[in-house]
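Peer 1: Here it is: the structure, laid out below.
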Amino acid sequence: MAYADPRKAYGKTYFRACYQRPDRKAQGVVVDADGKAVRYPTKTTALKAAQKAEAEAFEEAKKGRWTPPEIKIQAGQVTFAVFVDEWLTEQALAESTMQNYGHGITHLKAVFGEYALRDITTAMIVRWEKETRAAGAEASTVRTRRSLLHLLLADAVEAGHLDKNPAERRRGRGRRHGRSRRRSREKAITSMLGALLVAERMSLLSGRDDEFVHGVMKTYSGMRWGETVGLERKFVRRETRTIRVEWQLYELDTGELLRCPPKDDSYRDINMPACILDDVIIPHMARTPAQPCPCHDLAYVFSGRGTAGQVRQGATLKQVAEACGVSTGTVSNVLNRPQAVAEATRVKVELAIAELGYQRPAGAAREAAHWRRSGHSQWLFAPAATGWYPKKAPAEAHPVPVAAEPWPGVPVRGRGAAARAEACWVPIKDKLTRHGLRHGHRTLLEELGVPKVLIDDRMGHEDGSVSAIYTHITDSMRATMVDALTEVWYRTLDERLALAPRSAVRALDVLLQARAMELAA
């Protein structure tokens with residue numbers, strides 16, 4: 001039974017809040033975060049605190065979640081870093097999910113790692129959030145990290161380390177000043193002609209058709225990057241004119257390409273226009289060898305470009321550079337042009353190479369099994385969309401130098417390329433990303449009036465609303481959508497034909513000549 005226990009200290013009377021514990025092994029006393037009994041100035045306040053503590057304790061006991069205060073205090077003294085490390089060992093999630101958690105956890109441990117769980121407060125979290133935004137972090141990055149912190153601290157509550165989650169957001173505070181400025185940057189999209197020109201330029205940069213075919217397929221299917229890279233030949237189905245999304249290839253930080261189900265288990269069949277499937281994708285598959293890749297022993301529609309895809313063992317060039325405190329360009333010079341590096345620096349780098357066991361990639365560049373996410377983005381997609389090569393030491397970012405003919409210009413390579421070039425590419429759409437093509441595809445479907453239920457199915461999204469549950473996809477819906485996409489394709493091809501009748505990209509040149517003959521007939 002709850003009661004107020006009178007005590008005296010230094011001639012003054014105070015009261016402790018005492019109550020009956022559910023285990024009945026000892027008298028319960030309301031304590032602070034350090035485990036010291038709270039001293040109440042009046043009997044009434046102590047009694048109310050005792051009654052509240054007793055009611056909460058028995059309520060928790062009914063749910064099977066009551067923890068003795070002395071144990072709870074010890075649990076709260078566990079640091080955030082120690083708890084997170086234990087938490088990670090208990091998870092049984094997909095490798096891709098654990099990798100994404102790892103990125104956020106590294107940041108959170110750097111901020112909160114040394115604090116005891118009980119010392120992490122809501123005010124501290126709010127301050128960290130504001131400082132992270134002020135440092136220039138993307139709004140989506142801040143939200144993701146805050147959500148992860150909420151998840152971790154919620155599990156800490158469940159484990160008995162905390163009484164409540166300090167990362168819990170309090171609602172009902174009205175409109176926050178400046179909320180609209182915290183939205184994520186809107187994804188850049190381009191027109192269908194712009195997407196076609198980006199695909200053409202990617203092929204001109206790579207010197208083959210794969211990038212053009214991939215760009216067209218991504219533009220007209222809305223598939224995710226991992227779904228296109230992991231598209232196996234057997235899932236391109238000519239008889240039904242569909243592409244089956246069954247797997248994706250997810251690139252881990254180690255360089256390994258993990259074959260796993262699509263995001264959120266979004267298995268689906270994507271209806272494709274015959275003009276895309278029969279005239280672009282299937283001819284490409286006929287031209288390229290159907291060789292199984294060495295990593296999965298499966299035949300994919302697309303292959304990579306550059307050094308063949310082996311997972312690197314041992315240290316990387318970047319790790320050698322970090323160990324020496326020099327740039328990766330300096331390490332590269334030590335390997336390729338040692339005479340151009342100061343002797344003291346060269347010796348330091350060579351010692352680091354020996355200690356870390358760095359090994360240079362062997363063999364000449366050749367067809368890789370798969371594209372690498374960053375390589376494709378930095379050296380193919382971004383230059384095609386913006387007309388600029390990225391910065392790579394010692395060279396700064398610079399325009400893509402091209403020969404003026406044939407249009408839209410063929411990249412000039414080798415030493416003195418800028419001096420030999422006749423022009424450079426103008427930007428098609430600044431800040432356009434590969435995922436922006438997926439955004440553009442959904443936007444196009446909205447413009448064409450495609451029913452939302454079919455759009456969500458095609459994009460691999462799930463809508464749990466009542467209207468979506470009671471709306472079903474019909475064959476006529478699919479046929480109407482395919483007809484509309486076909487019309488868009490030919491209209492885009494006509495626009496490209498008006499710019500120039502031929503292309504240095506073989507696959508596109510065949511399409512342009514065939515279309516020119518149709519229009520002339």
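Just remember, in the structure tokens the first chain shown is A, the second B, etc., residues are 1-based per chain, and ligands are 1-based in the order shown.
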Taking 5 positions as the minimum chain separation for residues in the same chain, which residues sit within 6 Å of Pro401 of chain A when counting only C-alpha atoms? Answer as a ChimeraX atom specification.
Peer 2: /A:411-412,418,421,424
Peer 1: Would you write out those residues with C-alpha atoms, as a PDB file, in the first residue's frame?
Peer 2:
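The resulting part_31.pdb:
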ATOM      1  CA  PRO A 411      33.517  11.892 -77.303  1.00  0.00           C
ATOM      2  CA  VAL A 412      37.180  12.554 -78.031  1.00  0.00           C
ATOM      3  CA  ALA A 418      40.240  19.035 -75.196  1.00  0.00           C
ATOM      4  CA  ALA A 421      37.718  18.464 -79.717  1.00  0.00           C
ATOM      5  CA  CYS A 424      31.283  19.870 -76.012  1.00  0.00           C
TER       6      CYS A 424
END
Peer 1: Residues at most 8 Å from Leu437 of chain A, counting only C-alpha atoms, excluding those fewer than 4 positions away in the same chain, as number ranges by chain?
Peer 2: A: 189-190, 195, 218-219, 222, 433, 441
Peer 1: I want to know what sits within 12 Å of segment 14-28 of chain A, based on only C-alpha atoms, with residues of the same chain fewer than 2 positions away left out; could you give that as number ranges by chain?
Peer 2: A: 1-12, 30-32, 35-70
Peer 1: Residues within 12 Å of Val505 of chain A, please, as number ranges by chain. Count only C-alpha atoms; anything in the same chain fewer than 6 positions from it doesn't count.
Peer 2: A: 196-197, 199-213, 406-410, 511-512
Peer 1: When DSSP is applied to the backbone of this structure, which of segment 353-485 of chain A are assigned strand (DSSP E)? Write them out as a PyMOL selection string.
Peer 2: chain A and resi 388-389+398-399+401-403+410-411+423-424
Peer 1: If you run DSSP on the backbone here, which positions in segment 45-86 of chain A get alpha helix (DSSP H)? Please write them as number ranges by chain.
Peer 2: A: 45-62, 69-76, 80-86
Peer 1: Suppose we keep N, CA and C atoms; can you now write the selection as a compact mmCIF listing (two decimals), in the first residue's frame?
Peer 2:
# COMPACT_ATOMS: atom_id res chain seq x y z
N THR A 45 2.34 15.48 -1.81
CA THR A 45 3.07 15.21 -3.06
C THR A 45 3.73 13.84 -3.02
N ALA A 46 4.26 13.45 -1.85
CA ALA A 46 4.90 12.14 -1.73
C ALA A 46 3.87 11.03 -1.88
N LEU A 47 2.71 11.21 -1.29
CA LEU A 47 1.67 10.19 -1.38
C LEU A 47 1.18 10.01 -2.82
N LYS A 48 0.98 11.13 -3.52
CA LYS A 48 0.55 11.04 -4.92
C LYS A 48 1.59 10.33 -5.79
N ALA A 49 2.84 10.64 -5.53
CA ALA A 49 3.92 10.00 -6.30
C ALA A 49 3.97 8.51 -6.00
N ALA A 50 3.77 8.15 -4.75
CA ALA A 50 3.80 6.74 -4.37
C ALA A 50 2.64 5.98 -5.01
N GLN A 51 1.44 6.57 -4.96
CA GLN A 51 0.26 5.92 -5.56
C GLN A 51 0.45 5.73 -7.06
N LYS A 52 1.00 6.75 -7.72
CA LYS A 52 1.24 6.65 -9.16
C LYS A 52 2.25 5.55 -9.47
N ALA A 53 3.34 5.53 -8.72
CA ALA A 53 4.39 4.52 -8.95
C ALA A 53 3.85 3.12 -8.71
N GLU A 54 3.04 2.95 -7.69
CA GLU A 54 2.49 1.62 -7.39
C GLU A 54 1.54 1.17 -8.49
N ALA A 55 0.67 2.09 -8.95
CA ALA A 55 -0.28 1.75 -10.02
C ALA A 55 0.46 1.35 -11.29
N GLU A 56 1.51 2.12 -11.63
CA GLU A 56 2.28 1.83 -12.85
C GLU A 56 3.02 0.50 -12.72
N ALA A 57 3.55 0.23 -11.56
CA ALA A 57 4.29 -1.02 -11.35
C ALA A 57 3.38 -2.24 -11.52
N PHE A 58 2.19 -2.20 -10.92
CA PHE A 58 1.28 -3.35 -11.03
C PHE A 58 0.71 -3.46 -12.45
N GLU A 59 0.54 -2.33 -13.12
CA GLU A 59 0.07 -2.38 -14.51
C GLU A 59 1.11 -3.04 -15.41
N GLU A 60 2.38 -2.68 -15.20
CA GLU A 60 3.46 -3.30 -15.96
C GLU A 60 3.58 -4.78 -15.63
N ALA A 61 3.34 -5.14 -14.37
CA ALA A 61 3.43 -6.55 -13.97
C ALA A 61 2.35 -7.38 -14.66
N LYS A 62 1.17 -6.80 -14.82
CA LYS A 62 0.09 -7.52 -15.52
C LYS A 62 0.48 -7.83 -16.95
N PRO A 69 13.34 -1.82 -9.87
CA PRO A 69 14.03 -0.53 -10.07
C PRO A 69 15.54 -0.64 -10.06
N GLU A 70 16.10 -1.47 -9.16
CA GLU A 70 17.55 -1.56 -9.07
C GLU A 70 18.16 -2.13 -10.35
N ILE A 71 17.43 -3.06 -10.97
CA ILE A 71 17.92 -3.63 -12.24
C ILE A 71 17.77 -2.61 -13.36
N LYS A 72 16.66 -1.86 -13.33
CA LYS A 72 16.41 -0.86 -14.35
C LYS A 72 17.48 0.22 -14.33
N ILE A 73 17.91 0.60 -13.13
CA ILE A 73 18.95 1.64 -13.00
C ILE A 73 20.26 1.14 -13.60
N GLN A 74 20.59 -0.12 -13.30
CA GLN A 74 21.81 -0.68 -13.87
C GLN A 74 21.72 -0.75 -15.39
N ALA A 75 20.54 -1.11 -15.90
CA ALA A 75 20.36 -1.21 -17.35
C ALA A 75 20.51 0.15 -18.01
N GLY A 76 20.00 1.19 -17.34
CA GLY A 76 20.09 2.53 -17.90
C GLY A 76 21.50 3.07 -17.96
N PHE A 80 25.14 3.87 -25.09
CA PHE A 80 24.45 3.70 -26.38
C PHE A 80 25.26 2.78 -27.30
N ALA A 81 26.58 2.98 -27.34
CA ALA A 81 27.43 2.17 -28.23
C ALA A 81 27.37 0.70 -27.86
N VAL A 82 27.44 0.39 -26.56
CA VAL A 82 27.41 -1.01 -26.13
C VAL A 82 26.07 -1.64 -26.47
N PHE A 83 24.98 -0.90 -26.22
CA PHE A 83 23.65 -1.44 -26.53
C PHE A 83 23.50 -1.70 -28.02
N VAL A 84 23.95 -0.77 -28.85
CA VAL A 84 23.81 -0.92 -30.30
C VAL A 84 24.59 -2.12 -30.79
N ASP A 85 25.80 -2.31 -30.28
CA ASP A 85 26.60 -3.47 -30.70
C ASP A 85 25.88 -4.78 -30.36
N GLU A 86 25.28 -4.83 -29.17
CA GLU A 86 24.52 -6.03 -28.79
C GLU A 86 23.28 -6.18 -29.67
Peer 1: Can you build me a table of segment 145-253 of chain A residues sitting at most 12 Å from segment 106-112 of chain A, with the closest atom pair per residue and its distance in Å to one decimal, using only C-alpha atoms, sorted by chain and residue number, as a Markdown table?
Peer 2:
| residue | atom | partner | partner_atom | distance |
| --- | --- | --- | --- | --- |
| A:Arg145 | CA | A:Leu108 | CA | 7.6 |
| A:Arg146 | CA | A:Leu108 | CA | 9.1 |
| A:Ser147 | CA | A:Leu108 | CA | 11.3 |
| A:Leu148 | CA | A:Leu108 | CA | 8.9 |
| A:Leu149 | CA | A:Leu108 | CA | 7.4 |
| A:His150 | CA | A:Leu108 | CA | 11.2 |
| A:Leu152 | CA | A:Leu108 | CA | 10.3 |
| A:Leu153 | CA | A:Phe112 | CA | 11.5 |
Peer 1: Which residues come within 10 Å of Arg346 of chain A, counting only C-alpha atoms, excluding same-chain residues fewer than 4 positions away, as a list in words?
Peer 2: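 Here the qualifying residues turn out to be Thr330, Val331, Asn333, Val334, Leu335, Pro338, Gln339, Ala340, Val341, Ala342, Glu350, Leu351 and Ala352 of chain A.
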Peer 1: Please indicate the distance in Å from atom CA of Thr288 of chain A to atom CA of Val402 of chain A, rounded to one decimal place.
Peer 2: 27.2 Å
Peer 1: So, counting only C-alpha atoms, which residue among A:His370, A:Arg238, A:Arg506, A:Arg268 is closest to His296 of chain A?
Peer 2: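 Closest to His296 of chain A, using only C-alpha atoms: A:His370.
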Peer 1: Please compute the atom CA of Tyr115 of chain A-atom CA of Glu131 of chain A distance, one decimal, in Å.
Peer 2: 18.0 Å
Peer 1: Quick one, how far is atom CA of Thr141 of chain A from atom CA of Asn100 of chain A?
Peer 2: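 Computing it gives 11.5 Å between the two atoms.
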Peer 1: Which residue gives the smallest distance to Glu495 of chain A among A:Gly113, A:Asn336, A:Ala419, A:Gly194, with only C-alpha atoms counted?
Peer 2: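 The shortest atom-to-atom distance to Glu495 of chain A comes from A:Gly194.
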Peer 1: Which polymer residues have any atom within 7 Å of an atom of Tyr389 of chain A, counting only C-alpha atoms, with same-chain residues fewer than 5 positions away left out, as an NGL selection string?
Peer 2: :A and (379 or 383 or 397-400)
Peer 1: Would you mind exporting the chosen residues as a PDB file, in the first residue's frame, restricted to N, CA and C atoms?
Peer 2:
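Result went into part.pdb, see below:
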ATOM      1  N   TRP A 379      30.540   8.033 -64.462  1.00  0.00           N
ATOM      2  CA  TRP A 379      31.268   8.104 -65.729  1.00  0.00           C
ATOM      3  C   TRP A 379      30.408   7.848 -66.956  1.00  0.00           C
ATOM      4  N   PRO A 383      27.767  12.285 -66.904  1.00  0.00           N
ATOM      5  CA  PRO A 383      28.302  13.034 -68.045  1.00  0.00           C
ATOM      6  C   PRO A 383      27.313  13.125 -69.207  1.00  0.00           C
ATOM      7  N   ALA A 397      36.727  18.813 -62.637  1.00  0.00           N
ATOM      8  CA  ALA A 397      35.546  18.541 -63.462  1.00  0.00           C
ATOM      9  C   ALA A 397      35.639  19.368 -64.735  1.00  0.00           C
ATOM     10  N   HIS A 398      35.280  18.774 -65.870  1.00  0.00           N
ATOM     11  CA  HIS A 398      35.416  19.480 -67.149  1.00  0.00           C
ATOM     12  C   HIS A 398      34.385  18.964 -68.143  1.00  0.00           C
ATOM     13  N   PRO A 399      34.042  19.787 -69.154  1.00  0.00           N
ATOM     14  CA  PRO A 399      33.058  19.363 -70.152  1.00  0.00           C
ATOM     15  C   PRO A 399      33.538  18.150 -70.935  1.00  0.00           C
ATOM     16  N   VAL A 400      32.583  17.376 -71.431  1.00  0.00           N
ATOM     17  CA  VAL A 400      32.913  16.221 -72.261  1.00  0.00           C
ATOM     18  C   VAL A 400      33.317  16.734 -73.643  1.00  0.00           C
TER      19      VAL A 400
END
